[in-house]
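Below is the file structure15.txt, which contains compact mmCIF, C-alpha atoms.
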# COMPACT_ATOMS: atom_id res chain seq x y z
CA MET A 257 83.22 -26.69 250.69
CA ASN A 258 83.59 -28.33 254.08
CA THR A 259 80.43 -27.28 255.88
CA GLU A 260 81.59 -28.90 259.10
CA THR A 261 84.20 -26.17 259.50
CA ASN A 262 81.72 -23.36 258.88
CA GLN A 263 82.73 -20.53 261.21
CA ASN A 264 80.15 -17.96 260.14
CA LYS A 265 78.12 -16.71 263.09
CA PHE A 266 76.48 -13.57 261.68
CA MET A 267 75.06 -12.30 258.45
CA LEU A 268 74.76 -8.91 256.84
CA VAL A 269 71.32 -8.36 255.34
CA CYS A 270 70.97 -5.53 252.82
CA ALA A 271 67.71 -4.26 251.34
CA TYR A 272 68.02 -2.28 248.10
CA GLN A 273 64.95 -0.12 247.49
CA PHE A 274 64.09 1.09 243.99
CA PRO A 275 61.02 2.23 241.99
CA ARG A 276 58.99 -0.77 240.94
CA LEU A 277 59.80 -2.04 237.48
CA PRO A 278 56.98 -2.59 234.94
CA GLU A 279 55.44 -6.06 234.87
CA THR A 280 56.80 -7.08 238.27
CA LEU A 281 54.70 -8.33 241.14
CA PRO A 282 52.89 -5.47 242.93
CA ALA A 283 53.54 -7.03 246.33
CA GLN A 284 55.16 -10.05 247.86
CA GLU A 285 52.79 -11.71 250.28
CA GLU A 286 55.70 -13.63 251.79
CA LEU A 287 57.07 -10.41 253.22
CA GLU A 288 54.01 -10.01 255.42
CA LYS A 289 54.32 -13.40 257.07
CA GLU A 290 55.49 -13.43 260.63
CA ASP A 291 58.60 -15.28 261.74
CA THR A 292 57.05 -18.23 263.58
CA GLY A 293 60.36 -19.96 264.23
CA ALA A 294 59.37 -23.03 262.19
CA GLY A 295 62.11 -25.22 260.85
CA VAL A 296 65.03 -27.10 262.35
CA GLY A 297 65.26 -25.04 265.53
CA GLU A 298 67.55 -22.23 266.54
CA LEU A 299 69.38 -21.09 263.46
CA PHE A 300 71.82 -18.42 264.55
CA TRP A 301 74.29 -18.41 267.40
CA GLU A 302 73.76 -15.90 270.15
CA ASP A 303 76.23 -13.05 270.35
CA THR A 304 77.50 -11.83 273.71
CA ASP A 305 77.52 -8.31 272.36
CA ASP A 306 74.73 -6.10 273.68
CA GLU A 307 73.68 -5.11 270.20
CA GLY A 308 72.29 -8.60 269.59
CA GLU A 309 71.77 -10.08 266.17
CA ALA A 310 73.41 -9.08 262.93
CA SER A 311 73.10 -5.43 262.05
CA ARG A 312 70.74 -4.41 259.33
CA LEU A 313 71.46 -2.28 256.38
CA ALA A 314 69.35 -0.66 253.73
CA LEU A 315 70.75 0.59 250.48
CA GLU A 316 68.24 3.00 249.10
CA GLU A 317 68.10 4.52 245.70
CA ALA A 318 67.24 8.19 245.51
CA GLU A 319 67.50 8.99 241.85
CA ASP A 320 64.99 11.24 240.19
CA ILE A 321 62.79 9.80 237.52
CA SER A 322 60.97 12.00 235.08
CA GLY A 323 59.00 11.41 231.95
CA ASP A 324 58.80 13.35 228.72
CA ALA A 325 56.62 16.42 229.02
CA GLU A 326 55.12 17.20 225.67
CA GLN A 327 53.10 20.36 225.29
CA SER A 328 49.78 19.55 223.70
CA GLU A 329 46.19 20.62 223.88
CA GLU A 330 45.00 17.14 223.02
CA LYS A 331 42.01 16.01 225.02
CA ILE A 332 41.83 12.53 226.51
CA LYS A 333 38.46 10.97 227.07
CA GLU A 334 37.83 9.49 230.48
CA PRO A 335 35.27 6.77 231.21
CA GLU A 336 31.65 7.81 231.03
CA GLY A 337 30.53 9.93 233.92
CA SER A 338 33.86 11.70 234.29
CA GLU A 339 35.00 15.03 232.91
CA GLU A 340 37.49 15.31 230.08
CA ILE A 341 40.95 16.45 231.12
CA SER A 342 43.88 17.54 229.04
CA LYS A 343 46.98 15.40 228.58
CA GLU A 344 49.01 17.85 230.67
CA GLU A 345 46.53 17.64 233.54
CA ARG A 346 46.56 13.86 233.41
CA GLU A 347 50.38 13.73 233.47
CA ALA A 348 50.47 16.23 236.34
CA LYS A 349 48.04 14.07 238.30
CA GLU A 350 50.13 10.94 237.70
CA ALA A 351 53.33 12.78 238.66
CA SER A 352 51.80 13.84 241.97
CA GLU A 353 51.08 10.25 242.96
CA PRO A 354 53.73 8.60 245.18
CA PHE A 355 56.14 6.12 243.62
CA GLU A 356 55.62 2.45 244.29
CA PHE A 357 58.85 0.79 245.40
CA SER A 358 60.22 -2.71 245.27
CA VAL A 359 62.98 -4.16 247.43
CA ALA A 360 65.77 -6.58 246.56
CA TYR A 361 67.60 -8.49 249.28
CA PHE A 362 71.32 -9.27 249.50
CA VAL A 363 72.98 -11.47 252.12
CA ARG A 364 76.59 -11.95 253.16
CA PRO A 365 77.60 -14.38 255.95
CA LEU A 366 80.12 -12.99 258.43
CA ARG A 367 82.62 -14.68 260.73
CA SER A 368 82.64 -11.67 263.03
CA ARG A 369 81.30 -8.14 263.37
CA ARG A 370 84.71 -6.56 263.08
CA SER A 371 84.80 -3.50 260.86
CA GLY A 372 87.07 -5.19 258.32
CA ASP A 373 84.68 -8.11 257.77
CA VAL A 374 81.65 -5.82 257.57
CA LEU A 375 83.34 -3.42 255.14
CA ARG A 376 84.31 -6.31 252.87
CA ALA A 377 80.71 -7.55 252.88
CA LEU A 378 79.45 -4.05 252.08
CA GLN A 379 81.84 -3.81 249.16
CA GLU A 380 80.65 -7.14 247.77
CA VAL A 381 76.99 -6.10 247.97
CA TYR A 382 77.82 -2.75 246.38
CA ILE A 383 79.50 -4.57 243.47
CA ASP A 384 76.47 -6.86 243.07
CA VAL A 385 74.14 -3.87 242.81
CA LYS A 386 76.39 -2.03 240.35
CA MET A 387 76.66 -5.17 238.20
CA LEU A 388 72.87 -4.98 237.82
CA GLY A 389 73.29 -1.48 236.38
CA LEU A 390 71.64 0.20 239.37
CA PRO A 391 72.82 3.28 241.27
CA VAL A 392 73.56 3.46 244.98
CA ASN A 393 73.13 6.94 246.44
CA ARG A 394 72.46 6.33 250.12
CA LEU A 395 73.40 3.82 252.79
CA HIS A 396 70.94 3.75 255.69
CA ALA A 397 71.84 1.64 258.73
CA ASP A 398 71.34 1.36 262.46
CA ARG A 399 73.86 2.82 264.87
CA ALA A 400 75.94 -0.33 265.25
CA ARG A 401 79.57 0.59 265.77
CA GLU A 402 80.76 -1.47 262.77
CA PHE A 403 78.92 1.00 260.51
CA ARG A 404 80.39 4.05 262.26
CA THR A 405 84.06 3.37 261.58
CA PRO A 406 86.32 5.76 259.64
CA ALA A 407 86.98 3.01 257.08
CA VAL A 408 83.27 2.70 256.18
CA ALA A 409 82.85 6.50 256.07
CA GLU A 410 85.87 6.91 253.81
CA TRP A 411 84.76 4.11 251.49
CA ALA A 412 81.25 5.58 251.14
CA ALA A 413 82.53 9.13 250.56
CA SER A 414 84.88 7.94 247.81
CA ARG A 415 81.84 6.60 245.95
CA ASP A 416 79.53 9.56 246.57
CA VAL A 417 77.31 7.49 248.85
CA GLN A 418 75.59 9.32 251.69
CA ILE A 419 75.42 7.57 255.07
CA THR A 420 72.36 8.04 257.26
CA ARG A 421 71.48 6.30 260.52
CA THR A 422 68.55 5.65 262.78
CA GLU A 423 68.02 7.27 266.16
CA GLY A 424 69.38 5.11 268.96
CA ASP A 425 67.19 2.09 269.58
CA MET A 426 64.58 2.87 266.93
CA PRO A 427 64.28 -0.15 264.60
CA ALA A 428 61.10 1.28 263.06
CA GLN A 429 63.22 3.93 261.33
CA ASN A 430 64.85 1.15 259.33
CA GLY A 431 61.72 -0.90 258.74
CA VAL A 432 62.71 -2.05 255.25
CA ALA A 433 65.85 -3.73 256.54
CA GLU A 434 64.07 -5.07 259.63
CA GLN A 435 61.51 -6.73 257.37
CA ALA A 436 64.34 -8.13 255.25
CA VAL A 437 65.96 -9.78 258.28
CA LYS A 438 62.64 -11.31 259.32
CA TYR A 439 62.01 -12.61 255.81
CA ILE A 440 65.50 -14.08 255.32
CA LYS A 441 65.52 -15.86 258.71
CA SER A 442 62.02 -17.27 258.30
CA ARG A 443 62.59 -18.56 254.77
CA THR A 444 66.02 -19.93 255.69
CA ARG A 445 64.50 -22.05 258.44
CA ILE A 446 61.94 -23.41 256.00
CA LEU A 447 64.63 -24.14 253.41
CA LEU A 448 66.80 -25.99 255.94
CA SER A 449 63.85 -28.03 257.15
CA SER A 450 63.13 -29.08 253.58
CA ALA A 451 66.82 -29.78 252.91
CA GLN A 452 67.01 -32.10 255.90
CA GLU A 453 64.21 -34.22 254.47
CA LEU A 454 65.60 -34.21 250.92
CA SER A 455 69.17 -35.02 251.85
CA GLY A 456 68.54 -37.36 254.74
CA ARG A 457 71.47 -35.78 256.59
CA ASP A 458 71.71 -35.26 260.32
CA VAL A 459 69.99 -32.13 261.63
CA LYS A 460 73.22 -30.91 263.22
CA GLU A 461 74.99 -31.05 259.86
CA VAL A 462 72.11 -29.38 258.04
CA LYS A 463 72.32 -26.43 260.44
CA THR A 464 75.84 -25.71 259.16
CA TRP A 465 74.34 -25.04 255.73
CA TRP A 466 72.58 -21.86 256.89
CA PRO A 467 74.96 -19.43 255.05
CA MET A 468 74.21 -21.09 251.69
CA ALA A 469 70.51 -21.34 252.50
CA ALA A 470 70.29 -17.63 253.38
CA GLU A 471 72.04 -16.62 250.15
CA THR A 472 69.73 -18.91 248.17
CA VAL A 473 66.68 -17.28 249.75
CA ALA A 474 68.02 -13.82 248.86
CA ALA A 475 68.77 -14.89 245.27
CA ARG A 476 65.24 -16.21 244.79
CA GLN A 477 63.75 -13.04 246.27
CA ARG A 478 65.78 -10.88 243.86
CA CYS A 479 64.41 -12.85 240.93
CA LEU A 480 60.89 -11.97 242.08
CA ALA A 481 61.79 -8.32 242.66
CA PHE A 482 63.31 -7.89 239.19
CA GLY A 483 60.71 -9.98 237.38
CA GLN A 484 63.22 -12.66 236.43
CA THR A 485 62.70 -16.40 236.14
CA SER A 486 64.53 -18.59 238.62
CA ASN A 487 65.53 -21.95 237.16
CA PRO A 488 67.85 -23.68 239.65
CA PRO A 489 69.32 -27.00 238.49
CA SER A 490 67.89 -28.69 241.58
CA GLY A 491 66.20 -28.00 244.88
CA PHE A 492 68.24 -26.89 247.88
CA GLY A 493 69.42 -30.02 249.71
CA ASP A 494 68.69 -32.39 246.83
CA LYS A 495 71.03 -35.28 246.13
CA VAL A 496 72.89 -34.71 242.88
CA TYR A 497 75.85 -36.21 241.02
CA VAL A 498 78.91 -34.20 240.11
CA LYS A 499 81.77 -34.99 237.77
CA ARG A 500 85.20 -34.64 239.27
CA LYS A 501 88.32 -34.66 237.15
CA LYS A 502 91.58 -35.74 238.74
CA TYR A 503 95.04 -34.86 237.51
CA GLY A 504 98.52 -36.27 237.94
CA ALA A 505 99.16 -39.29 240.13
CA GLU A 506 95.57 -39.32 241.41
CA ALA A 507 94.13 -39.79 237.93
CA LYS A 508 93.04 -43.36 237.22
CA ASP A 509 91.13 -44.31 234.10
CA LEU A 510 89.00 -46.94 235.82
CA ASP A 511 87.89 -44.78 238.75
CA ALA A 512 84.30 -43.56 238.83
CA ARG A 513 84.08 -40.04 237.44
CA TRP A 514 80.75 -39.21 239.03
CA SER A 515 80.15 -38.97 242.75
CA GLU A 516 77.15 -38.16 244.91
CA ALA A 517 76.84 -34.67 246.38
CA THR A 518 74.27 -32.29 247.85
CA TYR A 519 73.09 -29.18 246.03
CA LEU A 520 73.45 -26.12 248.29
CA GLY A 521 72.34 -23.31 246.03
CA PRO A 522 73.98 -21.17 243.33
CA ALA A 523 77.68 -20.36 243.49
CA ARG A 524 78.29 -16.65 244.03
CA ASP A 525 81.34 -16.54 241.73
CA VAL A 526 79.61 -18.29 238.79
CA PRO A 527 77.53 -15.96 236.55
Can you turn what I pasted into C-alpha cells?
Amino acid sequence: MNTETNQNKFMLVCAYQFPRLPETLPAQEELEKEDTGAGVGELFWEDTDDEGEASRLALEEAEDISGDAEQSEEKIKEPEGSEEISKEEREAKEASEPFEFSVAYFVRPLRSRRSGDVLRALQEVYIDVKMLGLPVNRLHADRAREFRTPAVAEWAASRDVQITRTEGDMPAQNGVAEQAVKYIKSRTRILLSSAQELSGRDVKEVKTWWPMAAETVAARQRCLAFGQTSNPPSGFGDKVYVKRKKYGAEAKDLDARWSEATYLGPARDVP
C-alpha cells in the first residue's frame, strides 16, 4: 500500500453494545482517559462542513436474554446473618438487576462523507458483526445527513434494523459512540507516536498511517471486549522483513527474496 497517496480524511467509528460475556474484563480503564492530544500532533484534517468531525454511530443489540426457570421449593443458604430465600426468589432478584454491557469498536476510514461511501462502510461493519455470530437490531446515530439518506434507510429496513437518532445537537444522547471516538483518536495518536520512534520514519509520513493505526486500535479493543488474546506478529511501526515472489521477466534467481518493510497492523481481508 502506498501510504503517500492516502486520501482518507474521515473515519466512521461504530460502537457495538452487547451484554457482557462471562470472564471478560468488567471495565476498561482506558475508556475513561481523557483525550489530551498527545502524540504526533494534529491527526485528522479539518472539514469545511459545519457538522465537523466524522459522524458517530452506535450499533446496539436489543435481544432478550432469559435463563431457565425451574420450579422448585429448594432452599438456598445465604451467608450467616442473612435470611434463607428460595431459588425462585433468588432468580427473580437477579433478573431484576440491570444488565452489564460491553462495547466493541469498529473503524472504517472514509475518503468523503458522501452517502455512498458511508453506506459502504456501514455494510462492511455490519458484515464484521454478523461474522462474529452477533445480531444487529438497532442503528443509533446522530442527525448527520449521510445517515438520513433513502439508501441507508432502505438498506436498514431490508435487514430488519431499526434506525434511531439523537435530538439535534445533543451528543450526550449518543454517549457510547462519543466515547468510542475519543478512545480511538487518543489511542491512535499514541500508536503513531510509538510507530515514529520504532520505524525512524519522518513524522509527516507517519501521519499518513493513521487509517491503519485507527483500525489496529479498534482490533485490539475488540479482543479485550470479547475476552480474546491478541498476538500480533509485531508491534505497529516495527521494521520487519517480507518475502516477495516475482514472476515472469522480473524473476531472477540471484535477487534477494526478502526486503525490509514496516508493519502497519493486521490486514482486514486476511482471517
Review point. Neighbours of Arg376 in chain A within 12 Å (only C-alpha atoms; same-chain residues fewer than 2 positions away dropped), as JSON, numbers by chain?
Key: {"A": [268, 364, 365, 366, 367, 368, 369, 370, 371, 372, 373, 374, 378, 379, 380, 381, 382, 383, 402, 403, 407, 408, 411]}
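Checking A:Val498, A:Val269, A:Ala400, A:Leu454 one by one against Gly424 in chain A, counting only C-alpha atoms, you find the shortest gap at A:Ala400.
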Practice item. Go through A:Ser486, A:Gln273, A:Gln477, A:Ser414 and flag the residue nearest Val385 in chain A, using all atoms listed in the file for the distances. Key: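 Nearest candidate to Val385 in chain A out of A:Ser486, A:Gln273, A:Gln477, A:Ser414: A:Gln273.
Rounded to one decimal, CA of Lys441 in chain A and CA of Ala481 in chain A lie 18.1 Å from each other.
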Point to revise | Option closest in space to Val459 in chain A, from A:Lys343, A:Arg445, A:Arg401, A:His396 [counting all atoms listed in the file] | key: A:Arg445
Check your understanding: What gap, in Å, lies between CA of Lys499 in chain A and CA of Gln484 in chain A?
Key -> 29.1 Å
**Study point:** Interatomic distance, CA of Ala474 in chain A to CA of Arg399 in chain A (Å, one decimal)
**Key:**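 About the pair CA of Ala474 in chain A and CA of Arg399 in chain A: they are 23.8 Å apart.
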**Study point:** Selected residue of minimal separation from Asn264 in chain A among A:Pro527, A:Pro467, A:Pro406, A:Pro489, counting all atoms listed in the file
**Key:** A:Pro467
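A search radius of 12 Å centred on (76.5, -17.5, 242.3), applied to only C-alpha atoms, returns the residues Asp384, Met468, Glu471, Thr472, Ala474, Ala475, Arg476, Pro488, Leu520, Gly521, Pro522, Ala523, Arg524, Asp525, Val526 and Pro527 of chain A.
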Please identify all polymer residues within 8 Å of Ser450 in chain A, counting all atoms listed in the file, omitting same-chain residues fewer than 3 positions from it, and present them as a PDB file with C-alpha atoms, keeping the file's coordinate frame.
ATOM      1  CA  ILE A 446      61.940 -23.410 256.000  1.00  0.00           C
ATOM      2  CA  LEU A 447      64.630 -24.140 253.410  1.00  0.00           C
ATOM      3  CA  GLU A 453      64.210 -34.220 254.470  1.00  0.00           C
ATOM      4  CA  LEU A 454      65.600 -34.210 250.920  1.00  0.00           C
ATOM      5  CA  PHE A 492      68.240 -26.890 247.880  1.00  0.00           C
ATOM      6  CA  GLY A 493      69.420 -30.020 249.710  1.00  0.00           C
TER       7      GLY A 493
END
